[in-house]
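Notes for the one structure printed next.
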Amino acid sequence: NIIDVVRPESLLVPPEASPGYFLDLAGPDEPSHWRSIGFEVEFPHRPRDALIDGVCGWWDAFFNGAGEPAPVLSTSPAAPLTVWAQCRFLLNQPLRAAAKDRLIASIDLKENKGRESYACWLELRNATTKQAARAGPIELSD
């Protein structure tokens, strides 16, 4: 993985149309809930066919209860720069995708107690062609 500033126009899907997953950090108090987190996101159709070599990741923090609307700290490529850049998750092999192919990313996060962080595994599947490419394990604290 590469931590770097990503230009929004370099993405196949613009940041505002990119899928996301909401993780409520004020949620469950049970520690076992946080040891392993898995989720899937589905990408919208793209404007063109592409050979995909990686996935760009970022996070947004919503400070609910701190005003209306809730303040947001975003590390999106479309947001003003912060000290946190985006993460490029490089795939183990390029994945071909036609503009209308169905693309699904599965993300698994496993707790790394020693680093007080997570290791990440990502699989990008083209559900239309049944092909897949993977990234990980990636130590998110690196």
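Letters for chains follow the order of the structure tokens (A, B, ...), residue numbers begin at 1 for each chain, and ligand numbers begin at 1 in the order shown.
Non-sequential neighbours of stretch 71-78 of chain A (distance at most 10 Å, separation of 6 or more positions within a chain, only C-alpha atoms) are Val5, Val6, Arg7, Pro8, Glu9, Ser10, Leu11, Pro14, Pro15, Glu16, Cys56, Gly57, Trp58, Trp59, Asp60, Ala61, Phe62, Phe63, Asn64, Gly65, Trp84, Ala85, Gln86 and Cys87 of chain A.
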As an mmCIF file with N, CA, C and O atoms, in the first residue's frame, please: every residue in stretch 7-107 of chain A that DSSP puts in strand (DSSP E).
```
data_model
loop_
_atom_site.group_PDB
_atom_site.id
_atom_site.type_symbol
_atom_site.label_atom_id
_atom_site.label_comp_id
_atom_site.auth_asym_id
_atom_site.auth_seq_id
_atom_site.Cartn_x
_atom_site.Cartn_y
_atom_site.Cartn_z
ATOM 1 N N SER A 36 -12.445 -8.094 15.006
ATOM 2 C CA SER A 36 -12.550 -8.475 13.607
ATOM 3 C C SER A 36 -13.743 -7.746 12.996
ATOM 4 O O SER A 36 -14.859 -7.871 13.489
ATOM 5 N N ILE A 37 -13.486 -6.992 11.940
ATOM 6 C CA ILE A 37 -14.539 -6.221 11.281
ATOM 7 C C ILE A 37 -14.497 -6.580 9.801
ATOM 8 O O ILE A 37 -13.441 -6.531 9.172
ATOM 9 N N GLY A 38 -15.620 -6.965 9.257
ATOM 10 C CA GLY A 38 -15.699 -7.298 7.845
ATOM 11 C C GLY A 38 -16.910 -6.636 7.210
ATOM 12 O O GLY A 38 -17.954 -6.515 7.844
ATOM 13 N N PHE A 39 -16.744 -6.196 5.971
ATOM 14 C CA PHE A 39 -17.867 -5.586 5.264
ATOM 15 C C PHE A 39 -17.611 -5.621 3.763
ATOM 16 O O PHE A 39 -16.495 -5.901 3.318
ATOM 17 N N GLU A 40 -18.663 -5.377 2.999
ATOM 18 C CA GLU A 40 -18.576 -5.301 1.550
ATOM 19 C C GLU A 40 -19.156 -3.986 1.072
ATOM 20 O O GLU A 40 -20.068 -3.447 1.701
ATOM 21 N N VAL A 41 -18.621 -3.492 -0.031
ATOM 22 C CA VAL A 41 -19.180 -2.314 -0.701
ATOM 23 C C VAL A 41 -19.260 -2.634 -2.189
ATOM 24 O O VAL A 41 -18.432 -3.379 -2.725
ATOM 25 N N GLU A 42 -20.266 -2.083 -2.840
ATOM 26 C CA GLU A 42 -20.427 -2.284 -4.282
ATOM 27 C C GLU A 42 -20.225 -0.953 -4.992
ATOM 28 O O GLU A 42 -20.783 0.063 -4.591
ATOM 29 N N ALA A 50 -11.930 -0.466 -17.857
ATOM 30 C CA ALA A 50 -10.653 -0.179 -17.212
ATOM 31 C C ALA A 50 -9.935 -1.456 -16.801
ATOM 32 O O ALA A 50 -10.558 -2.510 -16.625
ATOM 33 N N LEU A 51 -8.636 -1.331 -16.663
ATOM 34 C CA LEU A 51 -7.794 -2.345 -16.060
ATOM 35 C C LEU A 51 -7.404 -1.778 -14.702
ATOM 36 O O LEU A 51 -6.644 -0.813 -14.617
ATOM 37 N N ILE A 52 -7.940 -2.343 -13.628
ATOM 38 C CA ILE A 52 -7.810 -1.780 -12.277
ATOM 39 C C ILE A 52 -6.610 -2.411 -11.580
ATOM 40 O O ILE A 52 -6.519 -3.631 -11.471
ATOM 41 N N ASP A 53 -5.704 -1.560 -11.091
ATOM 42 C CA ASP A 53 -4.519 -2.076 -10.400
ATOM 43 C C ASP A 53 -4.523 -1.786 -8.904
ATOM 44 O O ASP A 53 -3.634 -2.205 -8.182
ATOM 45 N N GLY A 54 -5.538 -1.071 -8.425
ATOM 46 C CA GLY A 54 -5.609 -0.779 -7.001
ATOM 47 C C GLY A 54 -6.909 -0.093 -6.635
ATOM 48 O O GLY A 54 -7.707 0.270 -7.498
ATOM 49 N N VAL A 55 -7.099 0.068 -5.337
ATOM 50 C CA VAL A 55 -8.283 0.722 -4.785
ATOM 51 C C VAL A 55 -7.810 1.843 -3.873
ATOM 52 O O VAL A 55 -6.862 1.662 -3.100
ATOM 53 N N CYS A 56 -8.445 2.993 -3.966
ATOM 54 C CA CYS A 56 -8.110 4.133 -3.111
ATOM 55 C C CYS A 56 -9.027 4.120 -1.890
ATOM 56 O O CYS A 56 -10.242 3.983 -2.020
ATOM 57 N N GLY A 57 -8.439 4.266 -0.711
ATOM 58 C CA GLY A 57 -9.220 4.288 0.521
ATOM 59 C C GLY A 57 -8.988 5.564 1.309
ATOM 60 O O GLY A 57 -7.908 6.161 1.243
ATOM 61 N N ASP A 60 -13.822 9.328 6.662
ATOM 62 C CA ASP A 60 -14.509 10.546 7.082
ATOM 63 C C ASP A 60 -14.951 10.338 8.527
ATOM 64 O O ASP A 60 -15.488 9.286 8.853
ATOM 65 N N ALA A 61 -14.722 11.322 9.375
ATOM 66 C CA ALA A 61 -15.180 11.262 10.772
ATOM 67 C C ALA A 61 -16.298 12.292 10.940
ATOM 68 O O ALA A 61 -16.107 13.470 10.664
ATOM 69 N N PHE A 62 -17.465 11.817 11.369
ATOM 70 C CA PHE A 62 -18.622 12.672 11.618
ATOM 71 C C PHE A 62 -18.730 12.896 13.120
ATOM 72 O O PHE A 62 -18.784 11.934 13.882
ATOM 73 N N VAL A 72 -17.554 17.468 9.936
ATOM 74 C CA VAL A 72 -16.958 16.290 9.299
ATOM 75 C C VAL A 72 -15.477 16.566 9.048
ATOM 76 O O VAL A 72 -15.114 17.616 8.529
ATOM 77 N N LEU A 73 -14.647 15.617 9.440
ATOM 78 C CA LEU A 73 -13.229 15.634 9.082
ATOM 79 C C LEU A 73 -13.084 14.579 8.002
ATOM 80 O O LEU A 73 -13.306 13.393 8.247
ATOM 81 N N SER A 74 -12.757 14.998 6.788
ATOM 82 C CA SER A 74 -12.683 14.077 5.658
ATOM 83 C C SER A 74 -11.267 14.021 5.107
ATOM 84 O O SER A 74 -10.607 15.047 4.951
ATOM 85 N N GLN A 86 -4.549 9.755 1.400
ATOM 86 C CA GLN A 86 -5.317 8.575 1.037
ATOM 87 C C GLN A 86 -4.385 7.356 1.013
ATOM 88 O O GLN A 86 -3.173 7.487 0.993
ATOM 89 N N CYS A 87 -4.997 6.184 1.013
ATOM 90 C CA CYS A 87 -4.226 4.948 0.952
ATOM 91 C C CYS A 87 -4.545 4.245 -0.364
ATOM 92 O O CYS A 87 -5.704 4.018 -0.681
ATOM 93 N N ARG A 88 -3.499 3.933 -1.106
ATOM 94 C CA ARG A 88 -3.658 3.158 -2.337
ATOM 95 C C ARG A 88 -3.388 1.695 -1.997
ATOM 96 O O ARG A 88 -2.269 1.345 -1.613
ATOM 97 N N PHE A 89 -4.414 0.884 -2.111
ATOM 98 C CA PHE A 89 -4.283 -0.548 -1.870
ATOM 99 C C PHE A 89 -3.980 -1.201 -3.220
ATOM 100 O O PHE A 89 -4.866 -1.337 -4.058
ATOM 101 N N LEU A 90 -2.718 -1.564 -3.443
ATOM 102 C CA LEU A 90 -2.308 -2.143 -4.717
ATOM 103 C C LEU A 90 -2.697 -3.614 -4.786
ATOM 104 O O LEU A 90 -2.419 -4.379 -3.862
ATOM 105 N N LEU A 91 -3.330 -3.998 -5.872
ATOM 106 C CA LEU A 91 -3.814 -5.367 -6.042
ATOM 107 C C LEU A 91 -2.682 -6.288 -6.490
ATOM 108 O O LEU A 91 -1.722 -5.848 -7.124
ATOM 109 N N ASN A 92 -2.809 -7.569 -6.188
ATOM 110 C CA ASN A 92 -1.779 -8.550 -6.552
ATOM 111 C C ASN A 92 -1.727 -8.791 -8.059
ATOM 112 O O ASN A 92 -0.737 -9.305 -8.568
ATOM 113 N N GLN A 93 -2.783 -8.428 -8.775
ATOM 114 C CA GLN A 93 -2.824 -8.528 -10.234
ATOM 115 C C GLN A 93 -3.880 -7.562 -10.743
ATOM 116 O O GLN A 93 -4.842 -7.264 -10.032
ATOM 117 N N PRO A 94 -3.723 -7.043 -11.955
ATOM 118 C CA PRO A 94 -4.739 -6.142 -12.502
ATOM 119 C C PRO A 94 -6.067 -6.878 -12.699
ATOM 120 O O PRO A 94 -6.090 -8.080 -12.983
ATOM 121 N N LEU A 95 -7.155 -6.146 -12.540
ATOM 122 C CA LEU A 95 -8.499 -6.704 -12.706
ATOM 123 C C LEU A 95 -9.206 -5.929 -13.819
ATOM 124 O O LEU A 95 -9.394 -4.715 -13.710
ATOM 125 N N ARG A 96 -9.568 -6.633 -14.872
ATOM 126 C CA ARG A 96 -10.258 -6.005 -15.996
ATOM 127 C C ARG A 96 -11.741 -5.851 -15.643
ATOM 128 O O ARG A 96 -12.351 -6.764 -15.087
ATOM 129 N N ALA A 97 -12.286 -4.660 -15.966
ATOM 130 C CA ALA A 97 -13.698 -4.404 -15.684
ATOM 131 C C ALA A 97 -14.295 -3.531 -16.777
ATOM 132 O O ALA A 97 -13.770 -2.455 -17.069
ATOM 133 N N LEU A 103 -18.815 -4.554 -9.691
ATOM 134 C CA LEU A 103 -17.603 -4.656 -8.874
ATOM 135 C C LEU A 103 -17.952 -4.584 -7.397
ATOM 136 O O LEU A 103 -18.651 -3.669 -6.961
ATOM 137 N N ILE A 104 -17.429 -5.541 -6.633
ATOM 138 C CA ILE A 104 -17.675 -5.613 -5.191
ATOM 139 C C ILE A 104 -16.339 -5.750 -4.473
ATOM 140 O O ILE A 104 -15.504 -6.578 -4.857
ATOM 141 N N ALA A 105 -16.144 -4.955 -3.440
ATOM 142 C CA ALA A 105 -14.938 -5.062 -2.609
ATOM 143 C C ALA A 105 -15.332 -5.640 -1.251
ATOM 144 O O ALA A 105 -16.285 -5.178 -0.629
ATOM 145 N N SER A 106 -14.608 -6.666 -0.841
ATOM 146 C CA SER A 106 -14.758 -7.231 0.508
ATOM 147 C C SER A 106 -13.554 -6.799 1.314
ATOM 148 O O SER A 106 -12.411 -6.971 0.862
ATOM 149 N N ILE A 107 -13.807 -6.252 2.495
ATOM 150 C CA ILE A 107 -12.734 -5.763 3.350
ATOM 151 C C ILE A 107 -12.810 -6.485 4.684
ATOM 152 O O ILE A 107 -13.883 -6.581 5.286
#
```
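If you count only C-alpha atoms and ignore residues fewer than 2 places along the chain from A:Ser117, what sits within 12 Å of it is Trp34, Arg35, Ser36, Leu109, Lys110, Glu111, Asn112, Lys113, Gly114, Arg115, Ala119, Cys120, Ile138, Glu139, Leu140, Ser141 and Asp142 of chain A.
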Residues within 10 Å of A:Arg48, only C-alpha atoms, excluding chain neighbours under 3 positions, as a ChimeraX atom specification
/A:12,45,97-100
Store the residues of this selection in a file with C-alpha atoms, as a PDB file, in the first residue's frame.
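Here's the written file result22.pdb:
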```
ATOM      1  CA  LEU A  12     -12.422   5.684 -11.970  1.00  0.00           C
ATOM      2  CA  HIS A  45     -21.017   1.671 -12.946  1.00  0.00           C
ATOM      3  CA  ALA A  97     -13.698  -4.404 -15.684  1.00  0.00           C
ATOM      4  CA  ALA A  98     -16.123  -3.193 -18.330  1.00  0.00           C
ATOM      5  CA  ALA A  99     -17.979   0.013 -17.488  1.00  0.00           C
ATOM      6  CA  LYS A 100     -21.159  -1.844 -16.523  1.00  0.00           C
TER       7      LYS A 100
END
```
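If you measure from each of A:Ala79, A:Ile3, A:Val13, A:Phe43 to A:Leu124 using only C-alpha atoms, the closest one turns out to be A:Phe43.
We find atom CA of A:Asn126 and atom CA of A:Arg102 to be spaced 5.8 Å apart.
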Could you please determine the separation between atom CA of A:Ala135 and atom CA of A:Trp121 in Å, to one decimal place?
5.9 Å
Check the DSSP output for the backbone and give back, as a ChimeraX atom specification, the residues of chain A in helix (DSSP H, G or I).
/A:8-10,15-17,31-34,113-115
Store the residues picked out above in a file with N, CA, C and O atoms, as a compact mmCIF listing (two decimals), in the first residue's frame.
```txt
# COMPACT_ATOMS: atom_id res chain seq x y z
N PRO A 8 -8.46 13.57 -7.42
CA PRO A 8 -9.81 13.04 -7.66
C PRO A 8 -10.03 12.65 -9.12
O PRO A 8 -10.68 11.65 -9.41
N GLU A 9 -9.48 13.42 -10.06
CA GLU A 9 -9.70 13.13 -11.48
C GLU A 9 -8.98 11.86 -11.93
O GLU A 9 -9.24 11.34 -13.02
N SER A 10 -8.09 11.30 -11.10
CA SER A 10 -7.39 10.07 -11.46
C SER A 10 -8.20 8.82 -11.09
O SER A 10 -7.83 7.72 -11.47
N PRO A 15 -14.99 10.64 -5.94
CA PRO A 15 -15.17 10.46 -4.50
C PRO A 15 -16.63 10.57 -4.03
O PRO A 15 -17.08 9.78 -3.21
N GLU A 16 -17.38 11.53 -4.58
CA GLU A 16 -18.76 11.72 -4.12
C GLU A 16 -19.67 10.56 -4.52
O GLU A 16 -20.73 10.38 -3.93
N ALA A 17 -19.27 9.74 -5.49
CA ALA A 17 -20.07 8.58 -5.91
C ALA A 17 -19.51 7.27 -5.37
O ALA A 17 -20.09 6.21 -5.58
N PRO A 31 -15.37 -5.54 23.77
CA PRO A 31 -14.10 -5.56 23.03
C PRO A 31 -14.06 -6.56 21.88
O PRO A 31 -13.44 -6.31 20.86
N SER A 32 -14.74 -7.70 22.02
CA SER A 32 -14.68 -8.72 20.97
C SER A 32 -15.29 -8.20 19.66
O SER A 32 -14.92 -8.67 18.57
N HIS A 33 -16.20 -7.25 19.75
CA HIS A 33 -16.82 -6.67 18.55
C HIS A 33 -15.78 -6.00 17.66
O HIS A 33 -15.92 -5.98 16.44
N TRP A 34 -14.75 -5.46 18.24
CA TRP A 34 -13.75 -4.68 17.51
C TRP A 34 -12.55 -5.50 17.05
O TRP A 34 -11.69 -5.00 16.34
N LYS A 113 -3.06 -6.11 18.13
CA LYS A 113 -2.89 -5.51 19.46
C LYS A 113 -1.53 -4.87 19.65
O LYS A 113 -1.41 -3.82 20.26
N GLY A 114 -0.49 -5.52 19.14
CA GLY A 114 0.87 -5.01 19.31
C GLY A 114 1.06 -3.62 18.71
O GLY A 114 1.86 -2.83 19.19
N ARG A 115 0.32 -3.33 17.67
CA ARG A 115 0.44 -2.02 17.01
C ARG A 115 -0.74 -1.11 17.33
O ARG A 115 -0.80 0.00 16.82
```
